[in-house]
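Novice: Just passing along the structure, written as structure tokens.
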Amino acid sequence: MGKLDFIKINTRHIDYDKFDNRLLNFVLENEPTFHNCISCGCCTASCSAGKLTNFNIRRIGLSLRRGEIEKLNEELSKCMMCGKCSLVCPRDIKLRNVVFLIKKGIAELQKNKFQSTKIINYN
Amino acid sequence: MNAELFVYPFLIGVLVLFTILLLKFLFWIFALSRIDKIRLWYFIRSKKILEAIIESFKEGLIHKSIYKKNPVLGYMHMSFAFGWFLLIVVGHIEAMIAKNSLTIPFYLPIFFRYFETSKNFTGSGIFAFLMDLILLYILSGLFLAIVKRFYGRIFGMKKTTKLKIYDRLALYSLWLIFPLRLIAESSTAAVYQNGSFLTNGVGNFLKNYFNLSNYENFWWAYSITLSIFFILLPFSRYMHIPTEILYIFLRKAGIKTKKYWNSYSAIQVYSCSRCGICLNDCQLMDAGVKNIQSVYLLQYIRNKQEAEKELFGCMLCGQCQNGCPVKINLNDLRTALRIKATEQFTFSYSYIKINESPKADVVYFAGCMTHLTPGIIKSMKKIFEYIGLKVWFMDEDKAPCCGRPLMLAGQHDAAQELIKNNTKMILESGASTLIVSCPICYKVFNEDYSLYHVKVMFHAQFILELIKNGVLPVKRNNLKVVYHDPCELGRGSNIYEEPRKVISFYSRLIPANNERENSLCCGGSLASLNLPQEIKDLVTDNALNVYLRDKPDILVTACPACKKTFMRRRKANIMDISEFVVQAIDTKKEIENILKLEVKKEISSY
């Protein structure tokens, strides 16, 4: 089958059975207000980093729920932590803290320091 | 004369105490940076050391700063420190005269009444009286300390600090030392009458009820309690007594708190006396957060507890630092800890492309927060237009942040990247002045940027200069105005007068309760990462209640973040200082009209 590897299509399929939601849980545990996000986009509209690049802070929730950790880490490195998003948020979400927690969570994942290895089992 | 057996516990205690202290101090000083060591070396040989000795006397013994802040609390601290010091000094003089020798064993004055039962040396009566008086003085302080522990409110303290087990043991042994000394001396005096008004009196009184012939037992108890206290001292909060003196010397030597955690930071942590004055100054106490105050943070560090939530919750308003009687740089310590806590990850801003900066003499940097309050930008533009100044608006369209918010979150190294880019842009424009309208940016431009010849000006300073030069017209009105000092501008950058002068050119500036160094935080501080919104709102409401108490027509502030935070909570006239000044230029619009407009806008937004 080795010859036919090129046929395999890299799908964007997300397998929720194997989904690692440790990072998501870590963020939600420490910043429960993130539950309230309505994806209105006020944060992106005001974002300083978003003016300079295609950085879109509204989408971090989506990436986080999909478990796209690599992408998330790279995206979030663009954030300048200026805090405008937290000030304009109509649902009072501490987005600055969310960014901070994701960064910290990824660093701890890489070091395997996470205490709770909660992987949701849907069966 | 042979030393009695009961002296030995005391001797062991003293020996242990001084060995540990010496080792700790040497370790700390050795770990200082090379430059700081050289600084210390030159300081020791200069005349400035006298200042340090005087200050350690004032602060370590008399506790002048605490006394100023809270006289009863100051008296309590003074009675212990200064009283004990006097007891040792006068005791030594007394023993030296009695023995007619300058070389006496150092334990002798401590147990003098036991060894010297006669009263036939020069001035014995006076000395006995003095020693009794000093003991009474300490006991009065002890009485206050016990009352304070159980009824803190009498002292005007909202809350007294919580204790851990070592501290508790040390505290009780300290409480016991002086009553035991009183009983030991009194029981001896009951037999030999070698005391004065206090010890003789108490001794004769006790004699009626108890058999005091075995008075040696009380001296045993006294010696053991002293020993327990001395051995516990380096491991409890009382470590602050020797460390504070060391800290005063190092501070006077000109050693500054560094951005990164070092042994000087550790010295500051241990010199906290846990007096609890920072609890009283903290606005979060009233908002119901009672575990993140500086005194607790320092305690967590000493106990090596994890306290990340507490570390990142603080708003870094600097009121605790302002009130601290030991002058610990609490904000810098917290920032250094934040750097330590976040060193495992970083951000990267390689995407920033430096466009060619246009040539300009004056650069205006609005900052992220000003972009959220377009009224300020509009006013600044109007002022520039009015005086005909060509200004390069650096971050009008695309510009990175100043870097301060990153620093507040502990990302000091990531901020350097932004700082480097901004510095390059500003220097390339060939400007001589940089005007900023946000105190957060102002602080970082002033402290962390090296802009060489470029003068950094806060917009209030710039406006004041314009008014003084007669470029901006002044039109007086009869409005009552209260000014709120933003934390980063007032305590952070020491600018108090300029905005006040600007306001008093136009309107009647009335004083508020919390002004200048004691001004309140608006609650919207960027330094706090994880405080819940309800608590922030409470802080904002409490601050607004203070500033709007006298019903001013306008509340003027000088920070866009403060303005934004205040506006969220109250339908009042809250203006930035630039918006306040624009009234003079806009001849068509009188200030009253502007006010009406503002109110209308607010109503529609609610």
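To be explicit about the labels: the chains of the structure tokens are called A, B, and onward in the order shown, and within each one the residues are counted from 1, while ligands get numbers from 1 in the order they are shown.
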Within 6 Å of stretch 292-304 of chain B, counting only C-alpha atoms, which residues qualify if same-chain residues fewer than 4 places away don't, as a list in words?
Specialist: Val269, Arg274 and Glu310 of chain B
Novice: Just need the residues of chain B within 7 Å of chain A, counting only C-alpha atoms, so spit them out as a PyMOL selection string.
Specialist: chain B and resi 344-345+347-349+368-369+398+400-401+405-406+526+529-530+533
Novice: Just the number, please: distance in Å from atom CA of B:Val582 to atom CA of B:Lys382, one decimal.
Specialist: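 Atom CA of B:Lys382 lies at a distance of 7.3 Å from atom CA of B:Val582.
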Novice: If you run DSSP on this backbone, which residues of stretch 311-390 of chain B come out as alpha helix (DSSP H), and could you give them as a VMD selection string?
Specialist: chain B and resid 311 to 313 319 to 323 330 to 341 368 to 372 374 to 387
Novice: Do you have the atom CA of B:Ser271-atom CA of B:Leu520 distance handy?
Specialist: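 Straight-line distance from atom CA of B:Ser271 to atom CA of B:Leu520 works out to 26.4 Å.
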Novice: I want to know what sits within 10 Å of A:Leu72, based on only C-alpha atoms, with residues of the same chain fewer than 6 positions away left out; could you give that as a ChimeraX atom specification?
Specialist: /A:59-64,99,102-103,106
Novice: Emit the selected residues as a PDB file, in the first residue's frame, including N, CA and C atoms.
Specialist:
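Listed below is the output, selection-v5.pdb:
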```
ATOM      1  N   ARG A  59     -11.571  33.632  16.850  1.00  0.00           N
ATOM      2  CA  ARG A  59     -11.517  32.238  16.413  1.00  0.00           C
ATOM      3  C   ARG A  59     -10.774  31.327  17.380  1.00  0.00           C
ATOM      4  N   ILE A  60     -10.164  31.897  18.432  1.00  0.00           N
ATOM      5  CA  ILE A  60      -9.417  31.010  19.324  1.00  0.00           C
ATOM      6  C   ILE A  60     -10.360  30.039  20.029  1.00  0.00           C
ATOM      7  N   GLY A  61     -11.596  30.465  20.249  1.00  0.00           N
ATOM      8  CA  GLY A  61     -12.562  29.576  20.891  1.00  0.00           C
ATOM      9  C   GLY A  61     -12.820  28.360  20.016  1.00  0.00           C
ATOM     10  N   LEU A  62     -12.936  28.628  18.717  1.00  0.00           N
ATOM     11  CA  LEU A  62     -13.187  27.554  17.757  1.00  0.00           C
ATOM     12  C   LEU A  62     -12.004  26.584  17.732  1.00  0.00           C
ATOM     13  N   SER A  63     -10.798  27.148  17.611  1.00  0.00           N
ATOM     14  CA  SER A  63      -9.605  26.302  17.558  1.00  0.00           C
ATOM     15  C   SER A  63      -9.457  25.502  18.840  1.00  0.00           C
ATOM     16  N   LEU A  64      -9.790  26.142  19.942  1.00  0.00           N
ATOM     17  CA  LEU A  64      -9.651  25.483  21.234  1.00  0.00           C
ATOM     18  C   LEU A  64     -10.600  24.290  21.322  1.00  0.00           C
ATOM     19  N   VAL A  99      -6.137  34.222  26.804  1.00  0.00           N
ATOM     20  CA  VAL A  99      -4.909  34.116  26.011  1.00  0.00           C
ATOM     21  C   VAL A  99      -3.763  33.631  26.897  1.00  0.00           C
ATOM     22  N   ILE A 102      -4.192  29.940  27.826  1.00  0.00           N
ATOM     23  CA  ILE A 102      -3.902  29.016  26.728  1.00  0.00           C
ATOM     24  C   ILE A 102      -2.400  28.884  26.557  1.00  0.00           C
ATOM     25  N   LYS A 103      -1.706  30.021  26.571  1.00  0.00           N
ATOM     26  CA  LYS A 103      -0.254  30.002  26.428  1.00  0.00           C
ATOM     27  C   LYS A 103       0.377  29.156  27.531  1.00  0.00           C
ATOM     28  N   ILE A 106      -0.506  25.386  27.139  1.00  0.00           N
ATOM     29  CA  ILE A 106       0.265  24.696  26.102  1.00  0.00           C
ATOM     30  C   ILE A 106       1.675  24.420  26.609  1.00  0.00           C
TER      31      ILE A 106
END
```
Novice: Report as a count of residues only all protein, DNA and RNA residues lying within 7 Å of stretch 435-442 of chain B, evaluated on only C-alpha atoms, omitting residues in the same chain fewer than 5 positions from it.
Specialist: 16
Novice: Of the candidates A:Phe34, A:Cys85, A:His13, A:Gln110, which shows the shortest atom-to-atom distance to B:Pro532, using only C-alpha atoms?
Specialist: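 Under the stated criterion, the closest residue is A:Phe34.
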Novice: To test your reading of the structure, identify every residue in stretch 343-388 of chain B that backbone DSSP assigns to strand (DSSP E), and report it as a PyMOL selection string.
Specialist: chain B and resi 362-365
Novice: Write the residues of the preceding selection, restricted to C-alpha atoms, as a tab-separated table (two decimals), in the first residue's frame.
Specialist:
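Written output follows (again-v7.tsv):
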```tsv
chain	number	residue	atom	x	y	z
B	362	VAL	CA	6.57	66.02	17.09
B	363	VAL	CA	5.24	62.48	17.32
B	364	TYR	CA	1.91	61.60	18.89
B	365	PHE	CA	1.41	58.08	20.21
```
Novice: As a PyMOL selection string, please: the residues near B:Leu233 (cut-off 12 Å, only C-alpha atoms, same-chain neighbours under 2 positions excluded).
Specialist: chain B and resi 13-14+16-18+20-21+166-171+173-174+226-231+235-243+270
